[in-house]
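**Q** Below you'll find model.pdb; it's PDB, C-alpha atoms.
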```
ATOM      1  CA  MET A   1     -22.726   7.600 -69.884  1.00  0.00           C
ATOM      2  CA  ASP A   2     -19.226   8.968 -69.360  1.00  0.00           C
ATOM      3  CA  ARG A   3     -18.820  12.435 -67.994  1.00  0.00           C
ATOM      4  CA  SER A   4     -16.970  14.976 -70.071  1.00  0.00           C
ATOM      5  CA  ASP A   5     -13.729  16.644 -69.110  1.00  0.00           C
ATOM      6  CA  LYS A   6     -15.822  19.814 -68.818  1.00  0.00           C
ATOM      7  CA  GLY A   7     -18.011  18.173 -66.159  1.00  0.00           C
ATOM      8  CA  TYR A   8     -15.021  17.070 -64.116  1.00  0.00           C
ATOM      9  CA  ARG A   9     -13.396  20.476 -64.470  1.00  0.00           C
ATOM     10  CA  GLY A  10     -16.634  22.141 -63.308  1.00  0.00           C
ATOM     11  CA  ASP A  11     -16.781  19.945 -60.209  1.00  0.00           C
ATOM     12  CA  ALA A  12     -13.096  20.550 -59.531  1.00  0.00           C
ATOM     13  CA  ALA A  13     -13.592  24.313 -59.868  1.00  0.00           C
ATOM     14  CA  GLN A  14     -16.184  24.293 -57.106  1.00  0.00           C
ATOM     15  CA  PHE A  15     -13.751  22.534 -54.775  1.00  0.00           C
ATOM     16  CA  PHE A  16     -10.840  24.793 -55.729  1.00  0.00           C
ATOM     17  CA  VAL A  17     -12.972  27.888 -55.072  1.00  0.00           C
ATOM     18  CA  ALA A  18     -14.188  26.441 -51.759  1.00  0.00           C
ATOM     19  CA  GLY A  19     -10.564  25.688 -50.863  1.00  0.00           C
ATOM     20  CA  GLU A  20      -9.501  29.254 -51.631  1.00  0.00           C
ATOM     21  CA  LEU A  21     -12.280  30.523 -49.381  1.00  0.00           C
ATOM     22  CA  CYS A  22     -11.499  28.088 -46.560  1.00  0.00           C
ATOM     23  CA  ARG A  23      -7.826  28.999 -46.534  1.00  0.00           C
ATOM     24  CA  ARG A  24      -8.939  32.598 -45.999  1.00  0.00           C
ATOM     25  CA  GLY A  25     -11.068  31.717 -42.970  1.00  0.00           C
ATOM     26  CA  VAL A  26     -14.467  31.440 -44.656  1.00  0.00           C
ATOM     27  CA  VAL A  27     -16.759  28.502 -43.949  1.00  0.00           C
ATOM     28  CA  ALA A  28     -17.503  27.163 -47.452  1.00  0.00           C
ATOM     29  CA  VAL A  29     -19.708  24.175 -48.308  1.00  0.00           C
ATOM     30  CA  VAL A  30     -20.065  22.795 -51.843  1.00  0.00           C
ATOM     31  CA  THR A  31     -23.749  22.044 -52.503  1.00  0.00           C
ATOM     32  CA  MET A  32     -23.024  19.260 -55.040  1.00  0.00           C
ATOM     33  CA  GLY A  33     -25.859  20.385 -57.305  1.00  0.00           C
ATOM     34  CA  ASN A  34     -28.481  20.367 -54.582  1.00  0.00           C
ATOM     35  CA  SER A  35     -29.222  24.078 -54.975  1.00  0.00           C
ATOM     36  CA  PRO A  36     -30.082  25.535 -58.388  1.00  0.00           C
ATOM     37  CA  ASN A  37     -28.373  28.931 -57.931  1.00  0.00           C
ATOM     38  CA  THR A  38     -25.719  28.138 -55.322  1.00  0.00           C
ATOM     39  CA  ASP A  39     -22.634  26.041 -55.956  1.00  0.00           C
ATOM     40  CA  ILE A  40     -20.969  27.049 -52.681  1.00  0.00           C
ATOM     41  CA  LEU A  41     -22.667  28.352 -49.549  1.00  0.00           C
ATOM     42  CA  CYS A  42     -20.359  30.501 -47.425  1.00  0.00           C
ATOM     43  CA  SER A  43     -20.701  31.876 -43.925  1.00  0.00           C
ATOM     44  CA  ASN A  44     -18.615  33.555 -41.290  1.00  0.00           C
ATOM     45  CA  ALA A  45     -17.505  31.450 -38.292  1.00  0.00           C
ATOM     46  CA  GLN A  46     -20.452  32.721 -36.221  1.00  0.00           C
ATOM     47  CA  GLY A  47     -22.896  31.497 -38.883  1.00  0.00           C
ATOM     48  CA  ASN A  48     -24.875  34.739 -38.903  1.00  0.00           C
ATOM     49  CA  ARG A  49     -23.918  35.999 -42.376  1.00  0.00           C
ATOM     50  CA  PHE A  50     -24.127  34.072 -45.633  1.00  0.00           C
ATOM     51  CA  VAL A  51     -23.022  34.412 -49.245  1.00  0.00           C
ATOM     52  CA  HIS A  52     -24.161  32.236 -52.147  1.00  0.00           C
ATOM     53  CA  VAL A  53     -21.485  31.575 -54.768  1.00  0.00           C
ATOM     54  CA  GLN A  54     -22.173  30.511 -58.345  1.00  0.00           C
ATOM     55  CA  VAL A  55     -19.044  29.065 -60.039  1.00  0.00           C
ATOM     56  CA  LYS A  56     -18.396  29.032 -63.779  1.00  0.00           C
ATOM     57  CA  THR A  57     -15.299  27.371 -65.188  1.00  0.00           C
ATOM     58  CA  PHE A  58     -12.967  28.245 -68.030  1.00  0.00           C
ATOM     59  CA  VAL A  59      -9.557  27.054 -69.195  1.00  0.00           C
ATOM     60  CA  PRO A  60      -6.864  29.710 -68.689  1.00  0.00           C
ATOM     61  CA  GLY A  61      -5.910  31.169 -72.057  1.00  0.00           C
ATOM     62  CA  ASN A  62      -9.456  30.962 -73.421  1.00  0.00           C
ATOM     63  CA  ARG A  63     -10.998  34.133 -74.806  1.00  0.00           C
ATOM     64  CA  ASN A  64     -14.180  33.926 -72.769  1.00  0.00           C
ATOM     65  CA  CYS A  65     -16.190  32.149 -70.107  1.00  0.00           C
ATOM     66  CA  SER A  66     -19.656  30.893 -71.010  1.00  0.00           C
ATOM     67  CA  VAL A  67     -22.543  31.592 -68.680  1.00  0.00           C
ATOM     68  CA  GLY A  68     -26.255  31.020 -69.158  1.00  0.00           C
ATOM     69  CA  PRO A  69     -29.256  33.346 -69.225  1.00  0.00           C
ATOM     70  CA  LYS A  70     -29.543  33.123 -65.425  1.00  0.00           C
ATOM     71  CA  SER A  71     -26.438  35.318 -65.291  1.00  0.00           C
ATOM     72  CA  GLU A  72     -28.678  38.225 -66.358  1.00  0.00           C
ATOM     73  CA  ARG A  73     -30.640  37.965 -63.115  1.00  0.00           C
ATOM     74  CA  ASP A  74     -29.502  39.906 -60.053  1.00  0.00           C
ATOM     75  CA  TYR A  75     -30.018  37.461 -57.219  1.00  0.00           C
ATOM     76  CA  GLY A  76     -29.372  40.096 -54.583  1.00  0.00           C
ATOM     77  CA  GLU A  77     -26.648  41.378 -52.315  1.00  0.00           C
ATOM     78  CA  GLY A  78     -25.847  37.929 -50.898  1.00  0.00           C
ATOM     79  CA  PHE A  79     -24.894  36.396 -54.272  1.00  0.00           C
ATOM     80  CA  VAL A  80     -21.490  36.369 -55.951  1.00  0.00           C
ATOM     81  CA  TRP A  81     -20.147  34.708 -59.082  1.00  0.00           C
ATOM     82  CA  VAL A  82     -16.640  33.269 -59.302  1.00  0.00           C
ATOM     83  CA  LEU A  83     -15.293  32.645 -62.783  1.00  0.00           C
ATOM     84  CA  ALA A  84     -12.643  30.016 -62.168  1.00  0.00           C
ATOM     85  CA  GLY A  85      -9.812  29.374 -64.578  1.00  0.00           C
ATOM     86  CA  ILE A  86      -8.836  25.776 -63.905  1.00  0.00           C
ATOM     87  CA  PRO A  87      -5.796  24.656 -65.918  1.00  0.00           C
ATOM     88  CA  LEU A  88      -5.826  21.359 -67.762  1.00  0.00           C
ATOM     89  CA  PRO A  89      -3.964  18.611 -65.832  1.00  0.00           C
ATOM     90  CA  ALA A  90      -0.793  18.725 -67.955  1.00  0.00           C
ATOM     91  CA  SER A  91      -0.683  22.519 -67.996  1.00  0.00           C
ATOM     92  CA  SER A  92       1.666  24.759 -66.057  1.00  0.00           C
ATOM     93  CA  SER A  93      -0.758  27.705 -66.312  1.00  0.00           C
ATOM     94  CA  PRO A  94      -1.715  29.310 -63.009  1.00  0.00           C
ATOM     95  CA  PHE A  95      -5.226  29.149 -61.584  1.00  0.00           C
ATOM     96  CA  GLN A  96      -7.278  32.307 -62.225  1.00  0.00           C
ATOM     97  CA  TYR A  97     -10.235  33.588 -60.237  1.00  0.00           C
ATOM     98  CA  TYR A  98     -12.578  36.505 -60.901  1.00  0.00           C
ATOM     99  CA  VAL A  99     -14.872  37.252 -57.943  1.00  0.00           C
ATOM    100  CA  ILE A 100     -17.837  39.319 -59.154  1.00  0.00           C
ATOM    101  CA  PRO A 101     -20.964  40.554 -57.331  1.00  0.00           C
ATOM    102  CA  ALA A 102     -24.181  39.211 -58.885  1.00  0.00           C
ATOM    103  CA  ALA A 103     -25.427  42.748 -59.626  1.00  0.00           C
ATOM    104  CA  ASP A 104     -22.313  43.478 -61.716  1.00  0.00           C
ATOM    105  CA  ILE A 105     -22.633  40.222 -63.645  1.00  0.00           C
ATOM    106  CA  ALA A 106     -26.360  40.756 -64.255  1.00  0.00           C
ATOM    107  CA  SER A 107     -26.184  44.326 -65.519  1.00  0.00           C
ATOM    108  CA  ASN A 108     -23.115  43.774 -67.717  1.00  0.00           C
ATOM    109  CA  VAL A 109     -24.149  40.429 -69.203  1.00  0.00           C
ATOM    110  CA  ARG A 110     -27.619  41.824 -69.920  1.00  0.00           C
ATOM    111  CA  GLU A 111     -26.107  44.896 -71.616  1.00  0.00           C
ATOM    112  CA  CYS A 112     -23.565  42.896 -73.645  1.00  0.00           C
ATOM    113  CA  PHE A 113     -26.225  40.454 -74.808  1.00  0.00           C
ATOM    114  CA  ARG A 114     -28.500  43.350 -75.829  1.00  0.00           C
ATOM    115  CA  LEU A 115     -25.642  44.877 -77.843  1.00  0.00           C
ATOM    116  CA  TRP A 116     -24.965  41.507 -79.508  1.00  0.00           C
ATOM    117  CA  ALA A 117     -28.672  41.027 -80.320  1.00  0.00           C
ATOM    118  CA  GLU A 118     -28.927  44.517 -81.870  1.00  0.00           C
ATOM    119  CA  THR A 119     -25.771  44.148 -83.961  1.00  0.00           C
ATOM    120  CA  PRO A 120     -26.176  42.418 -87.324  1.00  0.00           C
ATOM    121  CA  GLY A 121     -24.234  39.205 -87.866  1.00  0.00           C
ATOM    122  CA  ARG A 122     -21.254  38.727 -90.176  1.00  0.00           C
ATOM    123  CA  ASN A 123     -23.457  38.630 -93.296  1.00  0.00           C
ATOM    124  CA  GLY A 124     -25.886  41.302 -92.103  1.00  0.00           C
ATOM    125  CA  GLN A 125     -28.401  38.774 -90.718  1.00  0.00           C
ATOM    126  CA  ARG A 126     -30.354  39.371 -87.524  1.00  0.00           C
ATOM    127  CA  HIS A 127     -29.050  37.468 -84.460  1.00  0.00           C
ATOM    128  CA  GLN A 128     -31.495  34.916 -83.023  1.00  0.00           C
ATOM    129  CA  ALA A 129     -31.550  36.307 -79.471  1.00  0.00           C
ATOM    130  CA  GLU A 130     -34.838  34.580 -78.569  1.00  0.00           C
ATOM    131  CA  THR A 131     -33.356  31.088 -78.904  1.00  0.00           C
ATOM    132  CA  ASN A 132     -29.785  31.805 -77.788  1.00  0.00           C
ATOM    133  CA  THR A 133     -29.044  30.334 -74.350  1.00  0.00           C
ATOM    134  CA  VAL A 134     -25.349  31.208 -74.290  1.00  0.00           C
ATOM    135  CA  ARG A 135     -23.865  34.331 -72.790  1.00  0.00           C
ATOM    136  CA  ALA A 136     -20.115  34.856 -73.063  1.00  0.00           C
ATOM    137  CA  ILE A 137     -18.002  37.044 -70.814  1.00  0.00           C
ATOM    138  CA  PHE A 138     -14.672  38.072 -72.325  1.00  0.00           C
ATOM    139  CA  LEU A 139     -11.660  37.368 -70.130  1.00  0.00           C
ATOM    140  CA  PRO A 140      -8.709  39.742 -69.679  1.00  0.00           C
ATOM    141  CA  PRO A 141      -6.968  41.165 -71.531  1.00  0.00           C
ATOM    142  CA  ARG A 142     -10.109  41.314 -73.683  1.00  0.00           C
ATOM    143  CA  VAL A 143     -12.860  43.810 -72.931  1.00  0.00           C
ATOM    144  CA  ASN A 144     -16.587  43.126 -73.303  1.00  0.00           C
ATOM    145  CA  ALA A 145     -18.769  44.906 -75.899  1.00  0.00           C
ATOM    146  CA  ASN A 146     -19.940  47.507 -73.389  1.00  0.00           C
ATOM    147  CA  GLY A 147     -16.377  48.278 -72.234  1.00  0.00           C
ATOM    148  CA  TRP A 148     -16.606  46.101 -69.113  1.00  0.00           C
ATOM    149  CA  SER A 149     -13.345  44.446 -68.051  1.00  0.00           C
ATOM    150  CA  LEU A 150     -12.900  41.696 -65.479  1.00  0.00           C
ATOM    151  CA  GLU A 151      -9.431  42.954 -64.450  1.00  0.00           C
ATOM    152  CA  GLN A 152     -10.905  44.699 -61.402  1.00  0.00           C
ATOM    153  CA  TYR A 153     -12.276  41.386 -60.078  1.00  0.00           C
ATOM    154  CA  SER A 154      -9.099  39.300 -60.276  1.00  0.00           C
ATOM    155  CA  ASN A 155      -8.610  37.430 -56.968  1.00  0.00           C
ATOM    156  CA  ARG A 156     -11.041  39.791 -55.237  1.00  0.00           C
ATOM    157  CA  TRP A 157     -11.841  37.436 -52.357  1.00  0.00           C
ATOM    158  CA  ASP A 158     -12.324  40.570 -50.243  1.00  0.00           C
ATOM    159  CA  ILE A 159     -15.687  41.063 -52.004  1.00  0.00           C
ATOM    160  CA  ILE A 160     -16.983  37.883 -50.362  1.00  0.00           C
ATOM    161  CA  GLY A 161     -15.254  38.772 -47.095  1.00  0.00           C
ATOM    162  CA  ALA A 162     -16.984  42.150 -46.924  1.00  0.00           C
ATOM    163  CA  LYS A 163     -20.396  40.521 -47.351  1.00  0.00           C
ATOM    164  CA  LEU A 164     -19.537  38.195 -44.446  1.00  0.00           C
ATOM    165  CA  GLY A 165     -18.147  40.965 -42.235  1.00  0.00           C
ATOM    166  CA  LEU A 166     -14.594  39.601 -42.630  1.00  0.00           C
ATOM    167  CA  THR A 167     -11.413  41.263 -43.798  1.00  0.00           C
ATOM    168  CA  LEU A 168      -9.915  39.125 -46.545  1.00  0.00           C
ATOM    169  CA  PRO A 169      -6.890  40.229 -48.549  1.00  0.00           C
ATOM    170  CA  PRO A 170      -7.898  40.837 -52.176  1.00  0.00           C
ATOM    171  CA  ASN A 171      -4.838  39.716 -54.086  1.00  0.00           C
ATOM    172  CA  THR A 172      -3.073  36.861 -52.373  1.00  0.00           C
ATOM    173  CA  ALA A 173      -1.139  34.331 -54.410  1.00  0.00           C
ATOM    174  CA  PRO A 174      -3.274  31.730 -56.211  1.00  0.00           C
ATOM    175  CA  ALA A 175      -3.327  28.139 -55.040  1.00  0.00           C
ATOM    176  CA  ALA A 176      -0.256  26.114 -55.874  1.00  0.00           C
ATOM    177  CA  ASP A 177      -0.393  23.635 -58.711  1.00  0.00           C
ATOM    178  CA  VAL A 178      -1.400  20.178 -57.562  1.00  0.00           C
TER     179      VAL A 178
END
```
As a first step, turn the structure in this file into structure tokens.
**A**
Amino acid sequence: MDRSDKGYRGDAAQFFVAGELCRRGVVAVVTMGNSPNTDILCSNAQGNRFVHVQVKTFVPGNRNCSVGPKSERDYGEGFVWVLAGIPLPASSSPFQYYVIPAADIASNVRECFRLWAETPGRNGQRHQAETNTVRAIFLPPRVNANGWSLEQYSNRWDIIGAKLGLTLPPNTAPAADV
């Protein structure tokens, strides 16, 4: 069975995110699917502080990034999500990264999904929230149903740094096109 472009892009995103962390002095190891809630395990150089990173991929220019129901769960202070905008190979679009604490993802995705479930569909029908396994987070410049915007998380590598006891600049230039 051939893998989809989406599968390759997802794998690539994990390596691009790990690369961004490594170039900032973070020890970052891609788990290669061997951990259900951790795509990248990060630590400081001393190995006494850890952060678990869950990566979700989108194509820059898309309206949203899809995440699953597990995004509604707050995994704790040591967990962070990175929504990674990985351009298509022929694209000249820049890479985009949104670094978001798990608590922020959980509370906002939960609230947005609740609002969606309570709002009638286009023809007045009830949404089937019980069977829906997709959660969508709107990407800037769009704002989510509860008013939540991802703008504040753009290139916020300092969020991971703070959890590791490191000072990382928040808004350095994205990785160069390869």
**Q** Calculate how many Å separate CA of Cys65 in chain A from CA of Leu168 in chain A, rounding to one decimal.
**A**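 Pair CA of Cys65 in chain A / CA of Leu168 in chain A returns 25.4 Å.
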**Q** Quick one: pull the distance between CA of Arg63 in chain A and CA of Asn123 in chain A, Å, one decimal.
**A**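 Interatomic distance, CA of Arg63 in chain A to CA of Asn123 in chain A: 22.7 Å.
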**Q** Of the candidates A:Ala129, A:Ile160, A:Val17, A:Ile86, which one gets nearest to Val55 in chain A if we count all atoms listed in the file?
**A**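 That would be A:Val17, the residue with the smallest distance to Val55 in chain A.
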**Q** Quick one, how far is CA of Pro101 in chain A from CA of Trp81 in chain A?
**A**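 If I compute the distance from CA of Pro101 in chain A to CA of Trp81 in chain A, I get 6.2 Å.
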**Q** Run through the PyMOL selection byres ((chain A and resi 92-100) around 6) on the given coordinates and return the selected residues as a JSON list (two decimals) with C-alpha atoms, keeping the file's coordinate frame.
**A**
```
[["chain", "number", "residue", "atom", "x", "y", "z"],
["A", 80, "VAL", "CA", -21.49, 36.37, -55.95],
["A", 81, "TRP", "CA", -20.15, 34.71, -59.08],
["A", 82, "VAL", "CA", -16.64, 33.27, -59.30],
["A", 83, "LEU", "CA", -15.29, 32.65, -62.78],
["A", 84, "ALA", "CA", -12.64, 30.02, -62.17],
["A", 85, "GLY", "CA", -9.81, 29.37, -64.58],
["A", 86, "ILE", "CA", -8.84, 25.78, -63.90],
["A", 87, "PRO", "CA", -5.80, 24.66, -65.92],
["A", 91, "SER", "CA", -0.68, 22.52, -68.00],
["A", 101, "PRO", "CA", -20.96, 40.55, -57.33],
["A", 153, "TYR", "CA", -12.28, 41.39, -60.08],
["A", 154, "SER", "CA", -9.10, 39.30, -60.28],
["A", 155, "ASN", "CA", -8.61, 37.43, -56.97],
["A", 156, "ARG", "CA", -11.04, 39.79, -55.24]]
```
**Q** Please enumerate the residues selected by the PyMOL selection byres ((chain A and resi 27-31) around 9) when evaluated against the supplied file, formatted as a ChimeraX atom specification.
**A** /A:14-15,17-19,21-22,25-26,32-35,38-45,47
**Q** Go ahead and write the residues just picked, C-alpha atoms, as a compact mmCIF listing (two decimals), in the frame of the given file.
**A**
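File produced: result.txt:
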```
# COMPACT_ATOMS: atom_id res chain seq x y z
CA GLN A 14 -16.18 24.29 -57.11
CA PHE A 15 -13.75 22.53 -54.78
CA VAL A 17 -12.97 27.89 -55.07
CA ALA A 18 -14.19 26.44 -51.76
CA GLY A 19 -10.56 25.69 -50.86
CA LEU A 21 -12.28 30.52 -49.38
CA CYS A 22 -11.50 28.09 -46.56
CA GLY A 25 -11.07 31.72 -42.97
CA VAL A 26 -14.47 31.44 -44.66
CA MET A 32 -23.02 19.26 -55.04
CA GLY A 33 -25.86 20.39 -57.30
CA ASN A 34 -28.48 20.37 -54.58
CA SER A 35 -29.22 24.08 -54.98
CA THR A 38 -25.72 28.14 -55.32
CA ASP A 39 -22.63 26.04 -55.96
CA ILE A 40 -20.97 27.05 -52.68
CA LEU A 41 -22.67 28.35 -49.55
CA CYS A 42 -20.36 30.50 -47.42
CA SER A 43 -20.70 31.88 -43.92
CA ASN A 44 -18.61 33.56 -41.29
CA ALA A 45 -17.50 31.45 -38.29
CA GLY A 47 -22.90 31.50 -38.88
```
**Q** Residues near Ala145 in chain A, anyone? I mean within 8 Å using all atoms listed in the file, not counting same-chain ones fewer than 5 positions away, as a ChimeraX atom specification.
**A** /A:112,115-116
**Q** Name the closest residue to Asn146 in chain A among the candidates A:Tyr75, A:Pro89, A:Thr57, A:Ser107; distances are taken between atoms, counting only C-alpha atoms.
**A**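 Nearest to Asn146 in chain A: A:Ser107.
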**Q** From the options A:Leu166, A:Leu150, A:Val109, A:Ala12, which residue's atoms come nearest to Ser66 in chain A, counting only C-alpha atoms?
**A** A:Val109
**Q** Output the residue selection produced by the PyMOL selection byres ((chain A and resi 103) around 8) on the file above, formatted as a PDB file with C-alpha atoms, in the frame of the given file.
**A**
```pdb
ATOM      1  CA  ARG A  73     -30.640  37.965 -63.115  1.00  0.00           C
ATOM      2  CA  ASP A  74     -29.502  39.906 -60.053  1.00  0.00           C
ATOM      3  CA  TYR A  75     -30.018  37.461 -57.219  1.00  0.00           C
ATOM      4  CA  GLY A  76     -29.372  40.096 -54.583  1.00  0.00           C
ATOM      5  CA  GLU A  77     -26.648  41.378 -52.315  1.00  0.00           C
ATOM      6  CA  PRO A 101     -20.964  40.554 -57.331  1.00  0.00           C
ATOM      7  CA  ALA A 102     -24.181  39.211 -58.885  1.00  0.00           C
ATOM      8  CA  ASP A 104     -22.313  43.478 -61.716  1.00  0.00           C
ATOM      9  CA  ILE A 105     -22.633  40.222 -63.645  1.00  0.00           C
ATOM     10  CA  ALA A 106     -26.360  40.756 -64.255  1.00  0.00           C
ATOM     11  CA  SER A 107     -26.184  44.326 -65.519  1.00  0.00           C
TER      12      SER A 107
END
```
**Q** Using only C-alpha atoms, which of the listed residues (A:Gly78, A:Asp11, A:Glu151, A:Lys6) sits closest to Phe50 in chain A?
**A** A:Gly78
**Q** Which residue is closest to Arg49 in chain A? Choose from A:Asn37, A:Gly165, A:Pro141, A:Gly61 and count only C-alpha atoms.
**A**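 Counting only C-alpha atoms, the residue closest to Arg49 in chain A is A:Gly165.
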**Q** Please determine, counting all atoms listed in the file, which residue among A:Thr133, A:Gly10, A:Gln125, A:Phe16 has the shortest atom-to-atom distance to Gly68 in chain A.
**A**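 Closest to Gly68 in chain A, using all atoms listed in the file: A:Thr133.
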**Q** With N, CA and C atoms as the target, complete range 39-62 of chain A and hand it back as a PDB file, keeping the file's coordinate frame.
**A**
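And here is the file that came out, selection-v5.pdb:
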```pdb
ATOM      1  N   ASP A  39     -23.599  27.135 -55.895  1.00  0.00           N
ATOM      2  CA  ASP A  39     -22.634  26.041 -55.956  1.00  0.00           C
ATOM      3  C   ASP A  39     -21.891  25.898 -54.633  1.00  0.00           C
ATOM      4  N   ILE A  40     -21.659  27.043 -53.973  1.00  0.00           N
ATOM      5  CA  ILE A  40     -20.969  27.049 -52.681  1.00  0.00           C
ATOM      6  C   ILE A  40     -21.724  27.994 -51.750  1.00  0.00           C
ATOM      7  N   LEU A  41     -22.039  27.504 -50.565  1.00  0.00           N
ATOM      8  CA  LEU A  41     -22.667  28.352 -49.549  1.00  0.00           C
ATOM      9  C   LEU A  41     -21.590  28.717 -48.541  1.00  0.00           C
ATOM     10  N   CYS A  42     -21.408  30.008 -48.329  1.00  0.00           N
ATOM     11  CA  CYS A  42     -20.359  30.501 -47.425  1.00  0.00           C
ATOM     12  C   CYS A  42     -20.993  31.177 -46.221  1.00  0.00           C
ATOM     13  N   SER A  43     -20.277  31.112 -45.107  1.00  0.00           N
ATOM     14  CA  SER A  43     -20.701  31.876 -43.925  1.00  0.00           C
ATOM     15  C   SER A  43     -19.465  32.291 -43.149  1.00  0.00           C
ATOM     16  N   ASN A  44     -19.680  33.223 -42.230  1.00  0.00           N
ATOM     17  CA  ASN A  44     -18.615  33.555 -41.290  1.00  0.00           C
ATOM     18  C   ASN A  44     -18.621  32.475 -40.207  1.00  0.00           C
ATOM     19  N   ALA A  45     -17.626  32.492 -39.326  1.00  0.00           N
ATOM     20  CA  ALA A  45     -17.505  31.450 -38.292  1.00  0.00           C
ATOM     21  C   ALA A  45     -18.689  31.457 -37.332  1.00  0.00           C
ATOM     22  N   GLN A  46     -19.305  32.623 -37.123  1.00  0.00           N
ATOM     23  CA  GLN A  46     -20.452  32.721 -36.221  1.00  0.00           C
ATOM     24  C   GLN A  46     -21.727  32.161 -36.861  1.00  0.00           C
ATOM     25  N   GLY A  47     -21.726  32.029 -38.184  1.00  0.00           N
ATOM     26  CA  GLY A  47     -22.896  31.497 -38.883  1.00  0.00           C
ATOM     27  C   GLY A  47     -24.057  32.469 -38.943  1.00  0.00           C
ATOM     28  N   ASN A  48     -23.778  33.771 -38.853  1.00  0.00           N
ATOM     29  CA  ASN A  48     -24.875  34.739 -38.903  1.00  0.00           C
ATOM     30  C   ASN A  48     -24.872  35.604 -40.162  1.00  0.00           C
ATOM     31  N   ARG A  49     -23.942  35.336 -41.070  1.00  0.00           N
ATOM     32  CA  ARG A  49     -23.918  35.999 -42.376  1.00  0.00           C
ATOM     33  C   ARG A  49     -23.598  34.952 -43.438  1.00  0.00           C
ATOM     34  N   PHE A  50     -24.272  35.072 -44.584  1.00  0.00           N
ATOM     35  CA  PHE A  50     -24.127  34.072 -45.633  1.00  0.00           C
ATOM     36  C   PHE A  50     -23.923  34.715 -46.994  1.00  0.00           C
ATOM     37  N   VAL A  51     -23.205  34.017 -47.851  1.00  0.00           N
ATOM     38  CA  VAL A  51     -23.022  34.412 -49.245  1.00  0.00           C
ATOM     39  C   VAL A  51     -23.206  33.164 -50.100  1.00  0.00           C
ATOM     40  N   HIS A  52     -23.957  33.304 -51.175  1.00  0.00           N
ATOM     41  CA  HIS A  52     -24.161  32.236 -52.147  1.00  0.00           C
ATOM     42  C   HIS A  52     -23.200  32.476 -53.303  1.00  0.00           C
ATOM     43  N   VAL A  53     -22.457  31.442 -53.687  1.00  0.00           N
ATOM     44  CA  VAL A  53     -21.485  31.575 -54.768  1.00  0.00           C
ATOM     45  C   VAL A  53     -21.877  30.666 -55.920  1.00  0.00           C
ATOM     46  N   GLN A  54     -21.948  31.256 -57.109  1.00  0.00           N
ATOM     47  CA  GLN A  54     -22.173  30.511 -58.345  1.00  0.00           C
ATOM     48  C   GLN A  54     -20.824  30.453 -59.060  1.00  0.00           C
ATOM     49  N   VAL A  55     -20.353  29.242 -59.410  1.00  0.00           N
ATOM     50  CA  VAL A  55     -19.044  29.065 -60.039  1.00  0.00           C
ATOM     51  C   VAL A  55     -19.227  28.701 -61.505  1.00  0.00           C
ATOM     52  N   LYS A  56     -18.469  29.391 -62.359  1.00  0.00           N
ATOM     53  CA  LYS A  56     -18.396  29.032 -63.779  1.00  0.00           C
ATOM     54  C   LYS A  56     -16.926  28.816 -64.107  1.00  0.00           C
ATOM     55  N   THR A  57     -16.662  27.807 -64.919  1.00  0.00           N
ATOM     56  CA  THR A  57     -15.299  27.371 -65.188  1.00  0.00           C
ATOM     57  C   THR A  57     -14.866  27.717 -66.605  1.00  0.00           C
ATOM     58  N   PHE A  58     -13.586  28.066 -66.726  1.00  0.00           N
ATOM     59  CA  PHE A  58     -12.967  28.245 -68.030  1.00  0.00           C
ATOM     60  C   PHE A  58     -11.541  27.708 -67.967  1.00  0.00           C
ATOM     61  N   VAL A  59     -10.952  27.486 -69.116  1.00  0.00           N
ATOM     62  CA  VAL A  59      -9.557  27.054 -69.195  1.00  0.00           C
ATOM     63  C   VAL A  59      -8.710  28.312 -69.379  1.00  0.00           C
ATOM     64  N   PRO A  60      -7.720  28.535 -68.513  1.00  0.00           N
ATOM     65  CA  PRO A  60      -6.864  29.710 -68.689  1.00  0.00           C
ATOM     66  C   PRO A  60      -6.302  29.776 -70.109  1.00  0.00           C
ATOM     67  N   GLY A  61      -6.337  30.971 -70.676  1.00  0.00           N
ATOM     68  CA  GLY A  61      -5.910  31.169 -72.057  1.00  0.00           C
ATOM     69  C   GLY A  61      -7.083  31.277 -73.011  1.00  0.00           C
ATOM     70  N   ASN A  62      -8.269  30.812 -72.580  1.00  0.00           N
ATOM     71  CA  ASN A  62      -9.456  30.962 -73.421  1.00  0.00           C
ATOM     72  C   ASN A  62      -9.820  32.442 -73.531  1.00  0.00           C
TER      73      ASN A  62
END
```
